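Participant: I am attaching a structure below and will ask some questions about it afterwards.
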Amino acid sequence: MGRIVKAKVLRTRNTVALARWLLGKHLVRQWADGRIEARVITEVEAYHGERDLASHARAGRTPRTAVMYAPGGRWYVYLCYGVHEMLNLVTGPREWPAAVLIRGVEGIRGPGRLTRILAINRELNGKAVGRKCGLWLEDRGVRVPRSALRATPRVGVAYAGPVWSKKPWRFTFDPAAVSSP
């Protein structure tokens, strides 16, 4: 067990740096039977403000995006293409719509597969990150060296145009390349 990441750490205007920082942290799920499962975060994407044309906030506040305007430290879970739930961590200060999509954890690649395997759905949308909702983040001392980190353009956002779709705001690493404490 590690140190639970506090909500105040997630309230930043530097969403891109926070997305990178999340690599190596653990996404921890508590199941209804009390069992706890923790997996290292291996892939994330940053979405930063209304000017980011790849962000859901590009159209301003809507019923769907209202949670993005809350202070960081809440889950934003939405249905994509009517099929997959997507797990995002709201990261901005109040009224700054920013979030990090959690795309993969150790042993699970792909945001839809991640939410399906960890039984994450829209019931978590708007909930504060923490034990109370059964889904939280822990720092267990895994440090991802820059040499192991890969920054690439975000996935599936061509609609945002050439400037925003090519931002290298998707971060990944191979956990096998990093030693745990």
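As shown in the structure tokens, the chain order sets the letters A, B, ...; within each chain, residues go from 1, and ligands are also counted from 1 in the order they appear.
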So which bits of stretch 21-167 of chain A end up helix (DSSP H, G or I) when you DSSP the backbone, as an NGL selection string?

Facilitator: :A and (21-22 or 56-59 or 66-69 or 111-117 or 122-124 or 131-133 or 146-148 or 158-165)

Participant: Filtering to C-alpha atoms, could you give me those residues as a PDB file, in the first residue's frame?

Facilitator:
```
ATOM      1  CA  TRP A  21       3.579  12.619 -13.324  1.00  0.00           C
ATOM      2  CA  LEU A  22       0.690  10.128 -13.149  1.00  0.00           C
ATOM      3  CA  HIS A  56     -14.780  17.910 -24.606  1.00  0.00           C
ATOM      4  CA  ALA A  57     -14.636  21.386 -23.037  1.00  0.00           C
ATOM      5  CA  ARG A  58     -14.024  22.982 -26.455  1.00  0.00           C
ATOM      6  CA  ALA A  59     -17.789  23.683 -26.651  1.00  0.00           C
ATOM      7  CA  ALA A  66     -19.844  20.249 -16.102  1.00  0.00           C
ATOM      8  CA  VAL A  67     -17.666  17.948 -13.966  1.00  0.00           C
ATOM      9  CA  MET A  68     -14.578  19.188 -15.856  1.00  0.00           C
ATOM     10  CA  TYR A  69     -15.190  22.646 -14.374  1.00  0.00           C
ATOM     11  CA  PRO A 111      -9.280   2.798 -22.082  1.00  0.00           C
ATOM     12  CA  GLY A 112     -12.443   0.807 -22.872  1.00  0.00           C
ATOM     13  CA  ARG A 113     -10.871  -2.472 -21.800  1.00  0.00           C
ATOM     14  CA  LEU A 114      -9.547  -0.809 -18.623  1.00  0.00           C
ATOM     15  CA  THR A 115     -12.987   0.368 -17.516  1.00  0.00           C
ATOM     16  CA  ARG A 116     -14.623  -2.944 -18.409  1.00  0.00           C
ATOM     17  CA  ILE A 117     -12.077  -5.078 -16.514  1.00  0.00           C
ATOM     18  CA  ARG A 122     -20.669   6.426 -15.116  1.00  0.00           C
ATOM     19  CA  GLU A 123     -21.800   5.882 -11.524  1.00  0.00           C
ATOM     20  CA  LEU A 124     -18.335   7.275 -10.670  1.00  0.00           C
ATOM     21  CA  ARG A 131     -11.597   5.345  -0.904  1.00  0.00           C
ATOM     22  CA  LYS A 132     -15.193   6.466  -0.408  1.00  0.00           C
ATOM     23  CA  CYS A 133     -16.030   5.910  -4.094  1.00  0.00           C
ATOM     24  CA  ARG A 146      12.648  10.351 -18.759  1.00  0.00           C
ATOM     25  CA  SER A 147      14.501   7.762 -20.838  1.00  0.00           C
ATOM     26  CA  ALA A 148      11.621   5.277 -20.342  1.00  0.00           C
ATOM     27  CA  ALA A 158      -7.981  14.133 -35.909  1.00  0.00           C
ATOM     28  CA  TYR A 159     -11.211  16.194 -35.765  1.00  0.00           C
ATOM     29  CA  ALA A 160      -9.308  18.750 -33.648  1.00  0.00           C
ATOM     30  CA  GLY A 161      -7.231  19.866 -36.645  1.00  0.00           C
ATOM     31  CA  PRO A 162      -3.503  19.612 -37.273  1.00  0.00           C
ATOM     32  CA  VAL A 163      -2.335  21.789 -34.370  1.00  0.00           C
ATOM     33  CA  TRP A 164      -4.324  20.138 -31.581  1.00  0.00           C
ATOM     34  CA  SER A 165      -4.318  16.581 -32.903  1.00  0.00           C
TER      35      SER A 165
END
```

Participant: Check which residues of stretch 16-69 of chain A sit at most 6 Å from stretch 99-107 of chain A using only C-alpha atoms, and return one row each with the closest pair of atoms and their distance in Å to one decimal, ordered by chain and rising number, as a tab-separated table.

Facilitator:
```
residue	atom	partner	partner_atom	distance
A:Arg39	CA	A:Glu106	CA	5.6
A:Val40	CA	A:Glu106	CA	5.2
A:Ile41	CA	A:Val105	CA	4.2
A:Thr42	CA	A:Val105	CA	4.9
A:Glu43	CA	A:Gly104	CA	4.7
A:Val44	CA	A:Ile102	CA	4.7
A:Glu45	CA	A:Leu101	CA	5.1
A:Ala46	CA	A:Val100	CA	4.6
A:Tyr47	CA	A:Ala99	CA	5.3
```

Participant: With only C-alpha atoms as the counted atoms, please give the residues lying no more than 12 Å from A:Ile36, apart from itself and same-chain residues fewer than 3 positions off, as a list in words.

Facilitator: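 The residues satisfying every condition are Met1, His26, Leu27, Val28, Arg29, Gln30, Trp31, Ala32, Asp33, Arg39, Leu118, Arg131, Gly134, Leu135 and Trp136 of chain A.
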
Participant: Quick one: write out the picked residues with C-alpha atoms as a PDB file, in the first residue's frame?

Facilitator:
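Writing done, so here's part-v1.pdb:
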```
ATOM      1  CA  MET A   1       0.000   0.000   0.000  1.00  0.00           C
ATOM      2  CA  HIS A  26      -1.202   3.162  -8.995  1.00  0.00           C
ATOM      3  CA  LEU A  27      -4.880   3.165  -9.892  1.00  0.00           C
ATOM      4  CA  VAL A  28      -6.520   1.359  -6.990  1.00  0.00           C
ATOM      5  CA  ARG A  29      -9.948  -0.277  -7.213  1.00  0.00           C
ATOM      6  CA  GLN A  30     -11.871  -1.611  -4.230  1.00  0.00           C
ATOM      7  CA  TRP A  31     -14.426  -4.230  -5.205  1.00  0.00           C
ATOM      8  CA  ALA A  32     -17.808  -4.675  -3.521  1.00  0.00           C
ATOM      9  CA  ASP A  33     -16.489  -7.732  -1.645  1.00  0.00           C
ATOM     10  CA  ARG A  39      -2.284  -1.451 -11.098  1.00  0.00           C
ATOM     11  CA  LEU A 118     -12.081  -2.787 -13.464  1.00  0.00           C
ATOM     12  CA  ARG A 131     -11.597   5.345  -0.904  1.00  0.00           C
ATOM     13  CA  GLY A 134     -13.858   2.795  -4.352  1.00  0.00           C
ATOM     14  CA  LEU A 135     -11.373   4.221  -6.867  1.00  0.00           C
ATOM     15  CA  TRP A 136      -8.281   6.209  -5.963  1.00  0.00           C
TER      16      TRP A 136
END
```

Participant: Take atom CA of A:Met86 and atom CA of A:Ala128 and report the distance between them in Å, one decimal.

Facilitator: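 Atom CA of A:Ala128 lies at a distance of 16.2 Å from atom CA of A:Met86.
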
Participant: DSSP says strand (DSSP E or B) for which residues of stretch 49-113 of chain A? Put them as an mmCIF file with N, CA and C atoms, in the first residue's frame?

Facilitator:
```
data_model
loop_
_atom_site.group_PDB
_atom_site.id
_atom_site.type_symbol
_atom_site.label_atom_id
_atom_site.label_comp_id
_atom_site.auth_asym_id
_atom_site.auth_seq_id
_atom_site.Cartn_x
_atom_site.Cartn_y
_atom_site.Cartn_z
ATOM 1 N N ARG A 74 -11.659 14.829 -9.134
ATOM 2 C CA ARG A 74 -12.935 14.144 -9.384
ATOM 3 C C ARG A 74 -12.767 13.272 -10.616
ATOM 4 N N TRP A 75 -13.606 12.257 -10.704
ATOM 5 C CA TRP A 75 -13.614 11.402 -11.883
ATOM 6 C C TRP A 75 -14.593 11.955 -12.911
ATOM 7 N N TYR A 76 -14.197 11.929 -14.158
ATOM 8 C CA TYR A 76 -15.063 12.261 -15.288
ATOM 9 C C TYR A 76 -15.155 10.983 -16.119
ATOM 10 N N VAL A 77 -16.311 10.342 -16.078
ATOM 11 C CA VAL A 77 -16.524 9.085 -16.785
ATOM 12 C C VAL A 77 -17.651 9.307 -17.787
ATOM 13 N N TYR A 78 -17.368 9.011 -19.040
ATOM 14 C CA TYR A 78 -18.373 9.203 -20.084
ATOM 15 C C TYR A 78 -18.404 7.989 -21.010
ATOM 16 N N LEU A 79 -19.489 7.881 -21.761
ATOM 17 C CA LEU A 79 -19.665 6.801 -22.712
ATOM 18 C C LEU A 79 -19.158 7.262 -24.073
ATOM 19 N N CYS A 80 -18.292 6.465 -24.689
ATOM 20 C CA CYS A 80 -17.695 6.795 -25.976
ATOM 21 C C CYS A 80 -18.290 5.890 -27.056
ATOM 22 N N HIS A 84 -18.049 2.169 -25.012
ATOM 23 C CA HIS A 84 -17.019 2.105 -23.974
ATOM 24 C C HIS A 84 -17.126 3.256 -22.982
ATOM 25 N N GLU A 85 -16.993 2.933 -21.707
ATOM 26 C CA GLU A 85 -16.857 3.969 -20.690
ATOM 27 C C GLU A 85 -15.398 4.437 -20.729
ATOM 28 N N MET A 86 -15.160 5.711 -20.505
ATOM 29 C CA MET A 86 -13.805 6.264 -20.488
ATOM 30 C C MET A 86 -13.572 6.935 -19.144
ATOM 31 N N LEU A 87 -12.434 6.637 -18.520
ATOM 32 C CA LEU A 87 -12.089 7.164 -17.201
ATOM 33 C C LEU A 87 -11.119 8.328 -17.338
ATOM 34 N N ASN A 88 -11.539 9.474 -16.839
ATOM 35 C CA ASN A 88 -10.707 10.676 -16.842
ATOM 36 C C ASN A 88 -10.592 11.201 -15.425
ATOM 37 N N LEU A 89 -9.471 11.793 -15.153
ATOM 38 C CA LEU A 89 -9.221 12.446 -13.875
ATOM 39 C C LEU A 89 -9.273 13.947 -14.100
ATOM 40 N N VAL A 90 -10.211 14.649 -13.459
ATOM 41 C CA VAL A 90 -10.295 16.105 -13.568
ATOM 42 C C VAL A 90 -9.090 16.682 -12.821
ATOM 43 N N ALA A 98 -10.017 20.823 -17.330
ATOM 44 C CA ALA A 98 -8.879 20.021 -17.753
ATOM 45 C C ALA A 98 -9.030 18.625 -17.167
ATOM 46 N N ALA A 99 -8.532 17.650 -17.911
ATOM 47 C CA ALA A 99 -8.634 16.271 -17.445
ATOM 48 C C ALA A 99 -7.543 15.427 -18.094
ATOM 49 N N VAL A 100 -7.281 14.299 -17.458
ATOM 50 C CA VAL A 100 -6.334 13.321 -17.991
ATOM 51 C C VAL A 100 -7.097 12.017 -18.203
ATOM 52 N N LEU A 101 -7.089 11.546 -19.444
ATOM 53 C CA LEU A 101 -7.696 10.259 -19.770
ATOM 54 C C LEU A 101 -6.711 9.167 -19.368
ATOM 55 N N ILE A 102 -7.180 8.220 -18.589
ATOM 56 C CA ILE A 102 -6.344 7.079 -18.204
ATOM 57 C C ILE A 102 -6.579 6.011 -19.264
ATOM 58 N N ARG A 103 -5.599 5.831 -20.132
ATOM 59 C CA ARG A 103 -5.721 4.931 -21.291
ATOM 60 C C ARG A 103 -5.258 3.510 -20.998
ATOM 61 N N GLY A 104 -4.360 3.342 -20.014
ATOM 62 C CA GLY A 104 -3.855 2.006 -19.750
ATOM 63 C C GLY A 104 -3.210 1.887 -18.388
ATOM 64 N N VAL A 105 -3.257 0.674 -17.864
ATOM 65 C CA VAL A 105 -2.578 0.324 -16.615
ATOM 66 C C VAL A 105 -1.848 -0.997 -16.862
ATOM 67 N N ILE A 108 -3.382 -4.047 -18.681
ATOM 68 C CA ILE A 108 -4.604 -3.687 -19.419
ATOM 69 C C ILE A 108 -4.279 -2.527 -20.347
ATOM 70 N N ARG A 109 -4.373 -2.753 -21.650
ATOM 71 C CA ARG A 109 -4.136 -1.687 -22.627
ATOM 72 C C ARG A 109 -5.457 -1.314 -23.270
#
```

Participant: With distances taken over only C-alpha atoms, which of A:Gly130, A:Pro63, A:Gly34, A:Pro71 is nearest to A:Arg94?

Facilitator: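 Comparing A:Gly130, A:Pro63, A:Gly34, A:Pro71 against A:Arg94, the winner is A:Pro71.
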
Participant: Taking only residues of stretch 51-72 of chain A that have an atom at most 12 Å from an atom of stretch 166-173 of chain A, what is each one's shortest atom pair and its distance in Å to one decimal, using only C-alpha atoms, in chain and number order, as a Markdown table?

Facilitator:
```
| residue | atom | partner | partner_atom | distance |
| --- | --- | --- | --- | --- |
| A:Asp52 | CA | A:Lys167 | CA | 9.9 |
| A:Leu53 | CA | A:Lys167 | CA | 10.8 |
| A:Ala54 | CA | A:Lys167 | CA | 9.7 |
| A:Ser55 | CA | A:Trp169 | CA | 11.8 |
```

Participant: Rounded to one decimal in Å, what is the spacing between atom CA of A:Gly72 and atom CA of A:Leu23?

Facilitator: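 Rounded to one decimal, the two atoms are 17.3 Å apart.
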
Participant: If you measure from atom CA of A:Val144 to atom CA of A:Lys6, what distance in Å do you get, rounded to one decimal?

Facilitator: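 Spanning atom CA of A:Val144 to atom CA of A:Lys6 is a straight-line distance of 20.0 Å.
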